[in-house]
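Structure first, then comments.
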Amino acid sequence: MWSSCNGNASNNSSVDHSETIHHELNILEGDGLLGSEEAQPIQSKPEPPLLKDLMVQCLSCEKWRLIHSMQKYEIIREKEIYAPFVCDDASEWKPYMSCDVPEDETTCDIWAIDVPSIPCPPTGWKREVHFRREGSTRFADVYYYFALSIKKKIIVRSIEDVKKFLNDHPEYIREGVNPSRFSFKMPKPLDENYVKKRTRPAKLTLDAEGDHRESQHG
């Protein structure tokens with residue numbers, strides 16, 4: 001999911017970790033952060049933010065560590081509940097990493113907290129999260145595409161799409177592809193004002209004297 005920071009990852013340590021319920025919008029110890037820098041505006045409309053940095057919090061020291069690739073990030077995210085990330089795990093790509101090493105820094109302006117335990121995509125598939133512009137009624141769109149497809153680009157945007165695709169192409173089921181390997185849960189922006197809140201339209205009601213008046217329902 002997402003949060004906002006001022007260019008230094010240490011600012012993220014202020015995130016409230018009191019909610020440790022297994023719920024897509026709550027934060028588990030060691031949850032991942034998706035960071036982005038705001039794209040430069042083109043004409044009157046700014047471009048949506050682009051994903052730049054991936055970070056995971058150490059269970060032991062609570063420092064945030066940059067993850068060098070999406071593939072490694074997805075593996076850490078999938079195992080988060082039963083094998084939480086610790087700084088020593090990062091020594092795989094950053095020698096001598098430990099809890100004694102200062103927290104990693106980042107220049108990202110916008111952050112999102114990711115959902116834990118999302119399965120790694122099936123072989124040949126890639127999961128992408130496209131963030132919308134600030135002020136949109138939805139924060140992001142999640143979809144998968146089959147990276148090994150040569151003839152035509154295969155994209156699925158929902159579990160229903162996945163089931164339909166597998167029904168039309170049962171050969172992928174025999175290769176181990178099934179709907180449980182797909183998750184369309186989107187990250188959550190820590191800046192609650194990033195997404196435009198939906199409001200119900202006002203509707204007419206009768207007051208005590210029988211006159212019409214508008215009432216707003218939130």
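Convention: chains lettered A, B, ... in structure tokens order; per-chain residue numbering from 1; ligands numbered from 1 as shown.
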
TODO: Please run DSSP on the backbone and report, as a PyMOL selection string, all residues within range 63-199 of chain A that come out as helix (DSSP H, G or I).
DONE: chain A and resi 70-78+87-92+159-168+171-174+179-181

Could you write out the selected residues, including N, CA and C atoms, as a CSV table (one decimal), in the first residue's frame?
chain,number,residue,atom,x,y,z
A,70,MET,N,11.6,-6.4,-8.1
A,70,MET,CA,10.2,-6.7,-7.9
A,70,MET,C,10.1,-8.2,-7.6
A,71,GLN,N,10.9,-9.0,-8.3
A,71,GLN,CA,10.8,-10.5,-8.1
A,71,GLN,C,11.1,-10.8,-6.6
A,72,LYS,N,12.2,-10.2,-6.1
A,72,LYS,CA,12.5,-10.5,-4.7
A,72,LYS,C,11.5,-9.9,-3.7
A,73,TYR,N,11.0,-8.8,-4.1
A,73,TYR,CA,9.9,-8.1,-3.2
A,73,TYR,C,8.7,-9.0,-3.2
A,74,GLU,N,8.3,-9.6,-4.3
A,74,GLU,CA,7.1,-10.4,-4.3
A,74,GLU,C,7.3,-11.7,-3.5
A,75,ILE,N,8.5,-12.2,-3.5
A,75,ILE,CA,8.8,-13.4,-2.7
A,75,ILE,C,8.7,-13.1,-1.2
A,76,ILE,N,9.3,-11.9,-0.8
A,76,ILE,CA,9.2,-11.5,0.6
A,76,ILE,C,7.8,-11.3,1.0
A,77,ARG,N,7.0,-10.6,0.1
A,77,ARG,CA,5.6,-10.3,0.5
A,77,ARG,C,4.8,-11.6,0.6
A,78,GLU,N,5.0,-12.6,-0.2
A,78,GLU,CA,4.2,-13.8,-0.1
A,78,GLU,C,4.5,-14.5,1.2
A,87,CYS,N,16.6,-7.8,8.6
A,87,CYS,CA,17.7,-7.2,7.9
A,87,CYS,C,18.7,-8.2,7.3
A,88,ASP,N,19.0,-9.3,8.1
A,88,ASP,CA,20.0,-10.3,7.6
A,88,ASP,C,19.6,-10.9,6.3
A,89,ASP,N,18.3,-10.9,6.0
A,89,ASP,CA,17.8,-11.5,4.7
A,89,ASP,C,18.3,-10.6,3.5
A,90,ALA,N,18.6,-9.4,3.7
A,90,ALA,CA,19.0,-8.5,2.7
A,90,ALA,C,20.5,-8.7,2.3
A,91,SER,N,21.2,-9.5,3.2
A,91,SER,CA,22.6,-9.7,2.9
A,91,SER,C,22.8,-10.6,1.6
A,92,GLU,N,21.7,-11.1,1.2
A,92,GLU,CA,21.7,-11.9,-0.1
A,92,GLU,C,22.1,-11.0,-1.3
A,159,ILE,N,-10.6,-11.6,-11.1
A,159,ILE,CA,-10.7,-13.1,-10.9
A,159,ILE,C,-11.6,-13.7,-12.0
A,160,GLU,N,-12.7,-13.0,-12.3
A,160,GLU,CA,-13.6,-13.4,-13.4
A,160,GLU,C,-12.8,-13.6,-14.7
A,161,ASP,N,-11.9,-12.6,-15.0
A,161,ASP,CA,-11.1,-12.7,-16.2
A,161,ASP,C,-10.2,-13.9,-16.2
A,162,VAL,N,-9.6,-14.2,-15.1
A,162,VAL,CA,-8.7,-15.3,-14.9
A,162,VAL,C,-9.5,-16.6,-15.2
A,163,LYS,N,-10.7,-16.7,-14.6
A,163,LYS,CA,-11.4,-18.0,-14.8
A,163,LYS,C,-11.9,-18.1,-16.2
A,164,LYS,N,-12.2,-17.1,-16.9
A,164,LYS,CA,-12.7,-17.1,-18.3
A,164,LYS,C,-11.5,-17.5,-19.1
A,165,PHE,N,-10.3,-16.9,-18.8
A,165,PHE,CA,-9.1,-17.3,-19.6
A,165,PHE,C,-8.7,-18.7,-19.5
A,166,LEU,N,-8.8,-19.2,-18.3
A,166,LEU,CA,-8.4,-20.7,-18.0
A,166,LEU,C,-9.5,-21.6,-18.6
A,167,ASN,N,-10.7,-21.2,-18.6
A,167,ASN,CA,-11.8,-22.0,-19.3
A,167,ASN,C,-11.5,-22.1,-20.8
A,168,ASP,N,-11.1,-21.0,-21.4
A,168,ASP,CA,-10.8,-21.0,-22.8
A,168,ASP,C,-9.5,-21.6,-23.2
A,171,GLU,N,-5.0,-25.6,-21.2
A,171,GLU,CA,-3.6,-26.1,-21.2
A,171,GLU,C,-2.8,-25.4,-20.1
A,172,TYR,N,-3.2,-24.1,-19.7
A,172,TYR,CA,-2.5,-23.4,-18.7
A,172,TYR,C,-2.8,-24.0,-17.3
A,173,ILE,N,-4.0,-24.6,-17.1
A,173,ILE,CA,-4.4,-25.3,-15.9
A,173,ILE,C,-3.4,-26.5,-15.7
A,174,ARG,N,-3.2,-27.2,-16.8
A,174,ARG,CA,-2.3,-28.4,-16.7
A,174,ARG,C,-0.9,-27.9,-16.3
A,179,PRO,N,-6.7,-19.7,-10.3
A,179,PRO,CA,-7.1,-18.4,-9.8
A,179,PRO,C,-6.5,-18.1,-8.4
A,180,SER,N,-6.1,-19.0,-7.6
A,180,SER,CA,-5.6,-18.7,-6.3
A,180,SER,C,-4.2,-18.0,-6.3
A,181,ARG,N,-3.6,-18.1,-7.5
A,181,ARG,CA,-2.3,-17.4,-7.6
A,181,ARG,C,-2.4,-16.0,-8.1

Open item on the list: Between CA of Glu105 in chain A and CA of Glu134 in chain A, what is the distance in Å, rounded to a tenth?
Closed with: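 Result for CA of Glu105 in chain A versus CA of Glu134 in chain A: 24.1 Å, one decimal.
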
Task: Who sits within 7 Å of range 122-132 of chain A, only C-alpha atoms, same chain under 6 positions skipped, as a PyMOL selection string - done: chain A and resi 48-49+139-148+177+181
